[in-house]
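S.K.: Supplied structure: work.cif, mmCIF, C-alpha atoms.
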```
data_start
loop_
_atom_site.label_atom_id
_atom_site.label_comp_id
_atom_site.auth_asym_id
_atom_site.auth_seq_id
_atom_site.Cartn_x
_atom_site.Cartn_y
_atom_site.Cartn_z
CA MET L 1 -15.45 -66.23 34.29
CA PHE L 2 -14.69 -63.36 31.84
CA GLU L 3 -17.26 -62.55 29.24
CA GLN L 4 -16.09 -61.75 25.73
CA GLN L 5 -16.13 -57.94 25.15
CA GLY L 6 -16.81 -56.51 21.70
CA GLY L 7 -14.55 -53.40 22.15
CA PHE L 8 -17.44 -51.05 21.54
CA THR L 9 -16.24 -48.55 24.17
CA LEU L 10 -12.79 -48.31 22.60
CA LEU L 11 -14.29 -47.85 19.12
CA PHE L 12 -16.69 -45.17 20.38
CA ALA L 13 -13.87 -43.29 22.18
CA THR L 14 -11.68 -43.39 19.06
CA LEU L 15 -14.47 -42.11 16.81
CA THR L 16 -15.37 -39.35 19.28
CA ALA L 17 -11.72 -38.25 19.60
CA SER L 18 -11.33 -38.24 15.79
CA LEU L 19 -14.47 -36.16 15.35
CA LEU L 20 -13.39 -33.64 17.98
CA MET L 21 -9.91 -33.40 16.46
CA THR L 22 -11.36 -32.82 12.98
CA ILE L 23 -13.64 -30.06 14.28
CA SER L 24 -10.74 -28.46 16.20
CA PHE L 25 -8.55 -28.52 13.10
CA ALA L 26 -11.30 -26.90 11.00
CA VAL L 27 -11.80 -24.16 13.60
CA PHE L 28 -8.02 -23.58 13.75
CA ARG L 29 -7.80 -23.25 9.94
CA LEU L 30 -10.74 -20.86 9.90
CA THR L 31 -9.14 -18.74 12.62
CA LEU L 32 -5.84 -18.68 10.73
CA LYS L 33 -7.55 -17.58 7.48
CA GLU L 34 -9.44 -14.83 9.35
CA ALA L 35 -6.17 -13.58 10.85
CA GLN L 36 -4.55 -13.48 7.40
CA LEU L 37 -7.56 -11.64 5.96
CA THR L 38 -7.50 -9.10 8.78
CA THR L 39 -3.80 -8.46 8.18
CA ALA L 40 -4.38 -8.05 4.44
CA VAL L 41 -7.18 -5.54 5.04
CA LYS L 42 -4.99 -3.54 7.44
CA ASP L 43 -2.07 -3.55 4.99
CA SER L 44 -4.36 -2.61 2.09
CA GLN L 45 -5.79 0.32 4.03
CA GLY L 46 -2.29 1.45 5.02
CA ALA L 47 -1.08 1.24 1.42
CA PHE L 48 -4.06 3.32 0.27
CA TYR L 49 -3.40 5.98 2.91
CA ALA L 50 0.27 6.03 1.91
CA ALA L 51 -0.75 6.68 -1.72
CA ASP L 52 -3.05 9.45 -0.46
CA VAL L 53 -0.14 11.03 1.43
CA GLY L 54 1.83 11.15 -1.83
CA ILE L 55 -1.03 12.87 -3.68
CA GLU L 56 -1.57 15.37 -0.86
CA CYS L 57 2.12 16.24 -0.80
CA ALA L 58 2.20 16.86 -4.55
CA LEU L 59 -0.95 18.97 -4.38
CA TYR L 60 0.52 20.99 -1.52
CA TRP L 61 3.70 21.80 -3.46
CA ASP L 62 1.71 22.55 -6.61
CA PHE L 63 -0.90 24.87 -5.03
CA GLN L 64 0.16 26.07 -1.58
CA THR L 65 3.35 27.82 -2.57
CA VAL L 66 3.54 31.21 -4.28
CA ARG L 67 4.80 29.57 -7.45
CA SER L 68 4.31 25.87 -8.16
CA ALA L 69 7.32 23.80 -7.19
CA PHE L 70 6.63 21.80 -10.36
CA ASP L 71 6.73 24.81 -12.69
CA PRO L 72 8.94 23.71 -15.63
CA THR L 73 10.26 27.25 -16.05
CA LEU L 74 11.99 26.97 -12.66
CA THR L 75 15.37 25.76 -13.88
CA ALA L 76 17.30 26.35 -10.65
CA PRO L 77 17.25 23.35 -8.31
CA HIS L 78 14.86 23.72 -5.38
CA ILE L 79 13.88 21.44 -2.54
CA ILE L 80 10.47 20.06 -1.65
CA GLU L 81 9.81 17.98 1.43
CA CYS L 82 7.23 15.27 2.01
CA ILE L 83 6.86 13.40 5.31
CA GLY L 84 10.21 14.78 6.38
CA VAL L 85 12.11 13.52 3.31
CA PRO L 86 13.67 16.30 1.17
CA HIS L 87 13.88 16.04 -2.62
CA THR L 88 15.72 18.32 -5.01
CA ILE L 89 13.85 19.02 -8.22
CA THR L 90 14.64 21.07 -11.29
CA GLY L 91 12.49 22.10 -14.23
CA ASN L 92 13.82 21.84 -17.78
CA GLY L 93 12.66 25.27 -18.92
CA GLY L 94 10.50 23.70 -21.63
CA PRO L 95 6.71 23.48 -21.94
CA ASP L 96 6.47 19.83 -20.79
CA GLN L 97 8.07 18.29 -17.74
CA LYS L 98 8.06 14.80 -16.27
CA TYR L 99 9.84 14.80 -12.95
CA PRO L 100 11.82 11.77 -11.81
CA LEU L 101 10.03 9.34 -9.51
CA PHE L 102 9.96 10.54 -5.90
CA LYS L 103 10.30 7.78 -3.30
CA PHE L 104 9.43 8.14 0.36
CA GLU L 105 9.89 5.51 3.03
CA THR L 106 8.32 5.45 6.47
CA THR L 107 8.79 2.80 9.13
CA ASP L 108 5.74 0.92 7.86
CA TYR L 109 4.94 2.01 4.30
CA CYS L 110 6.56 3.18 1.06
CA ILE L 111 5.33 5.77 -1.42
CA GLU L 112 6.28 6.35 -5.06
CA LEU L 113 5.08 9.60 -6.62
CA SER L 114 5.35 10.81 -10.19
CA VAL L 115 4.47 14.31 -11.38
CA GLU L 116 4.03 15.31 -15.00
CA LYS L 117 3.14 18.73 -16.41
CA LYS L 118 1.98 19.01 -20.02
CA ALA L 119 1.78 22.19 -22.06
CA GLY L 120 -1.57 23.86 -22.49
CA PRO L 121 -3.62 25.91 -22.40
CA PRO L 122 -5.06 24.65 -20.21
CA ARG L 123 -1.99 23.14 -18.61
CA LEU L 124 -2.53 19.47 -17.68
CA THR L 125 -1.01 18.04 -14.51
CA ILE L 126 -0.89 14.29 -13.94
CA LEU L 127 -0.08 12.92 -10.48
CA GLN L 128 0.41 9.22 -9.85
CA SER L 129 0.99 7.98 -6.33
CA ARG L 130 1.55 4.37 -5.34
CA GLY L 131 1.47 3.22 -1.73
CA PHE L 132 2.99 -0.08 -0.63
CA SER L 133 2.33 -2.06 2.53
CA THR L 134 6.05 -2.80 2.88
CA CYS L 135 9.26 -1.48 1.36
CA ASP L 136 10.54 -5.05 0.85
CA VAL L 137 9.89 -5.78 -2.83
CA THR L 138 10.38 -9.54 -2.28
CA HIS L 139 7.70 -9.77 0.43
CA PRO L 140 5.12 -12.36 -0.73
CA ARG L 141 2.15 -10.40 0.62
CA ARG L 142 3.20 -6.90 -0.47
CA ILE L 143 0.12 -4.85 -1.28
CA GLU L 144 0.08 -1.88 -3.65
CA ARG L 145 -2.63 0.75 -3.90
CA ALA L 146 -2.55 3.61 -6.39
CA ILE L 147 -4.24 6.96 -6.79
CA ASP L 148 -4.07 8.84 -10.08
CA VAL L 149 -5.13 12.48 -10.25
CA SER L 150 -5.19 14.76 -13.25
CA TYR L 151 -6.32 18.37 -13.44
CA THR L 152 -5.92 21.49 -15.49
CA ASN L 153 -4.84 24.90 -14.30
#
```
Starting from the coordinates I provided, produce the structure as structure tokens.
M.R.:
Amino acid sequence: MFEQQGGFTLLFATLTASLLMTISFAVFRLTLKEAQLTTAVKDSQGAFYAADVGIECALYWDFQTVRSAFDPTLTAPHIIECIGVPHTITGNGGPDQKYPLFKFETTDYCIELSVEKKAGPPRLTILQSRGFSTCDVTHPRRIERAIDVSYTN
């Protein structure tokens, strides 16, 4: 009365489901990698712009004031401000000056800026600004971008 079935339909359904699941998993992994890459690009761009903010701030205080805020002959403490964060700096009265590292934190990015003046003539100024995608130094995907500028005046 019943004919013997070979189970072909069950085998075909299992193979089709396995193939579709494998394709779905591959698409999911690709989507996840693309999302991680997009985040890394955004964080890298933000870190670069943060480093640029540090350079622009140093250039402002070196050129836009009547007397450079980084003039080593200024031995009295004076305050500079970058992105709303005040810093007290003091020259040493000597021909060379390396100022302590300035650190700025925003809600999203961190900036470290160093300023060095070397005796001349011409007088050499070295600015180094590092932007970070996060202020958390233990973050596994922390991105750092740096801009170094040197000029004579």
S.K.: At most 10 Å is the cut-off: for each residue in region 37-99 of chain L with any atom that close to an atom of region 133-152 of chain L, write down the nearest atom pair and the distance in Å rounded to one decimal, counting only C-alpha atoms, chain first then increasing number, as JSON lines.
M.R.:
```
{"residue": "L:Thr39", "atom": "CA", "partner": "L:Arg141", "partner_atom": "CA", "distance": 9.8}
{"residue": "L:Ala40", "atom": "CA", "partner": "L:Arg141", "partner_atom": "CA", "distance": 7.9}
{"residue": "L:Val41", "atom": "CA", "partner": "L:Ile143", "partner_atom": "CA", "distance": 9.7}
{"residue": "L:Lys42", "atom": "CA", "partner": "L:Ser133", "partner_atom": "CA", "distance": 8.9}
{"residue": "L:Asp43", "atom": "CA", "partner": "L:Ser133", "partner_atom": "CA", "distance": 5.3}
{"residue": "L:Ser44", "atom": "CA", "partner": "L:Ile143", "partner_atom": "CA", "distance": 6.0}
{"residue": "L:Gln45", "atom": "CA", "partner": "L:Arg145", "partner_atom": "CA", "distance": 8.5}
{"residue": "L:Gly46", "atom": "CA", "partner": "L:Ser133", "partner_atom": "CA", "distance": 6.3}
{"residue": "L:Ala47", "atom": "CA", "partner": "L:Ser133", "partner_atom": "CA", "distance": 4.9}
{"residue": "L:Phe48", "atom": "CA", "partner": "L:Arg145", "partner_atom": "CA", "distance": 5.1}
{"residue": "L:Tyr49", "atom": "CA", "partner": "L:Arg145", "partner_atom": "CA", "distance": 8.6}
{"residue": "L:Ala50", "atom": "CA", "partner": "L:Arg145", "partner_atom": "CA", "distance": 8.4}
{"residue": "L:Ala51", "atom": "CA", "partner": "L:Ala146", "partner_atom": "CA", "distance": 5.9}
{"residue": "L:Asp52", "atom": "CA", "partner": "L:Ile147", "partner_atom": "CA", "distance": 6.9}
{"residue": "L:Gly54", "atom": "CA", "partner": "L:Ile147", "partner_atom": "CA", "distance": 8.9}
{"residue": "L:Ile55", "atom": "CA", "partner": "L:Ile147", "partner_atom": "CA", "distance": 7.4}
{"residue": "L:Leu59", "atom": "CA", "partner": "L:Val149", "partner_atom": "CA", "distance": 9.7}
```
S.K.: Point out the residue among L:Tyr60, L:Leu101, L:Met21, L:Val53 with the least atom-to-atom distance to Phe132 (chain L), counting all atoms listed in the file.
M.R.: L:Val53
S.K.: For region 47-53 of chain L, what centre and edge lengths in Å (one decimal) does the axis-aligned box get once 4 Å is added on each side of all its listed atoms, as JSON?
M.R.:
```
{"center_x": -1.9, "center_y": 6.1, "center_z": 0.6, "size_x": 12.3, "size_y": 17.8, "size_z": 12.6}
```
S.K.: One number please: CA of Cys82 (chain L) to CA of Ala58 (chain L), in Å, one decimal.
M.R.: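 These atoms are spaced 8.4 Å apart.
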S.K.: Please report the interatomic distance between CA of Lys103 (chain L) and CA of Glu116 (chain L) in Å with one decimal.
M.R.: 15.3 Å
S.K.: I'd like the residues picked by the PyMOL selection byres ((chain L and resi 98) around 12) written out as a PyMOL selection string, using the chain letters and numbers from the file.
M.R.: chain L and resi 70-72+89-97+99-102+113-119+124-128
S.K.: What would the file look like if the residues just selected were written as a PDB file, keeping the file's coordinate frame with C-alpha atoms?
M.R.:
```pdb
ATOM      1  CA  PHE L  70       6.630  21.800 -10.360  1.00  0.00           C
ATOM      2  CA  ASP L  71       6.730  24.810 -12.690  1.00  0.00           C
ATOM      3  CA  PRO L  72       8.940  23.710 -15.630  1.00  0.00           C
ATOM      4  CA  ILE L  89      13.850  19.020  -8.220  1.00  0.00           C
ATOM      5  CA  THR L  90      14.640  21.070 -11.290  1.00  0.00           C
ATOM      6  CA  GLY L  91      12.490  22.100 -14.230  1.00  0.00           C
ATOM      7  CA  ASN L  92      13.820  21.840 -17.780  1.00  0.00           C
ATOM      8  CA  GLY L  93      12.660  25.270 -18.920  1.00  0.00           C
ATOM      9  CA  GLY L  94      10.500  23.700 -21.630  1.00  0.00           C
ATOM     10  CA  PRO L  95       6.710  23.480 -21.940  1.00  0.00           C
ATOM     11  CA  ASP L  96       6.470  19.830 -20.790  1.00  0.00           C
ATOM     12  CA  GLN L  97       8.070  18.290 -17.740  1.00  0.00           C
ATOM     13  CA  TYR L  99       9.840  14.800 -12.950  1.00  0.00           C
ATOM     14  CA  PRO L 100      11.820  11.770 -11.810  1.00  0.00           C
ATOM     15  CA  LEU L 101      10.030   9.340  -9.510  1.00  0.00           C
ATOM     16  CA  PHE L 102       9.960  10.540  -5.900  1.00  0.00           C
ATOM     17  CA  LEU L 113       5.080   9.600  -6.620  1.00  0.00           C
ATOM     18  CA  SER L 114       5.350  10.810 -10.190  1.00  0.00           C
ATOM     19  CA  VAL L 115       4.470  14.310 -11.380  1.00  0.00           C
ATOM     20  CA  GLU L 116       4.030  15.310 -15.000  1.00  0.00           C
ATOM     21  CA  LYS L 117       3.140  18.730 -16.410  1.00  0.00           C
ATOM     22  CA  LYS L 118       1.980  19.010 -20.020  1.00  0.00           C
ATOM     23  CA  ALA L 119       1.780  22.190 -22.060  1.00  0.00           C
ATOM     24  CA  LEU L 124      -2.530  19.470 -17.680  1.00  0.00           C
ATOM     25  CA  THR L 125      -1.010  18.040 -14.510  1.00  0.00           C
ATOM     26  CA  ILE L 126      -0.890  14.290 -13.940  1.00  0.00           C
ATOM     27  CA  LEU L 127      -0.080  12.920 -10.480  1.00  0.00           C
ATOM     28  CA  GLN L 128       0.410   9.220  -9.850  1.00  0.00           C
TER      29      GLN L 128
END
```
S.K.: Would you please work out which residue, of L:Tyr109, L:Ala26, L:Ile80, L:Ser18, is nearest to Gln64 (chain L) when using only C-alpha atoms?
M.R.: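 The answer is L:Ile80, which sits nearest to Gln64 (chain L).
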S.K.: How far is it from CA of Thr22 (chain L) to CA of Phe8 (chain L), in Å with one decimal?
M.R.: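 A separation of 21.0 Å between them.
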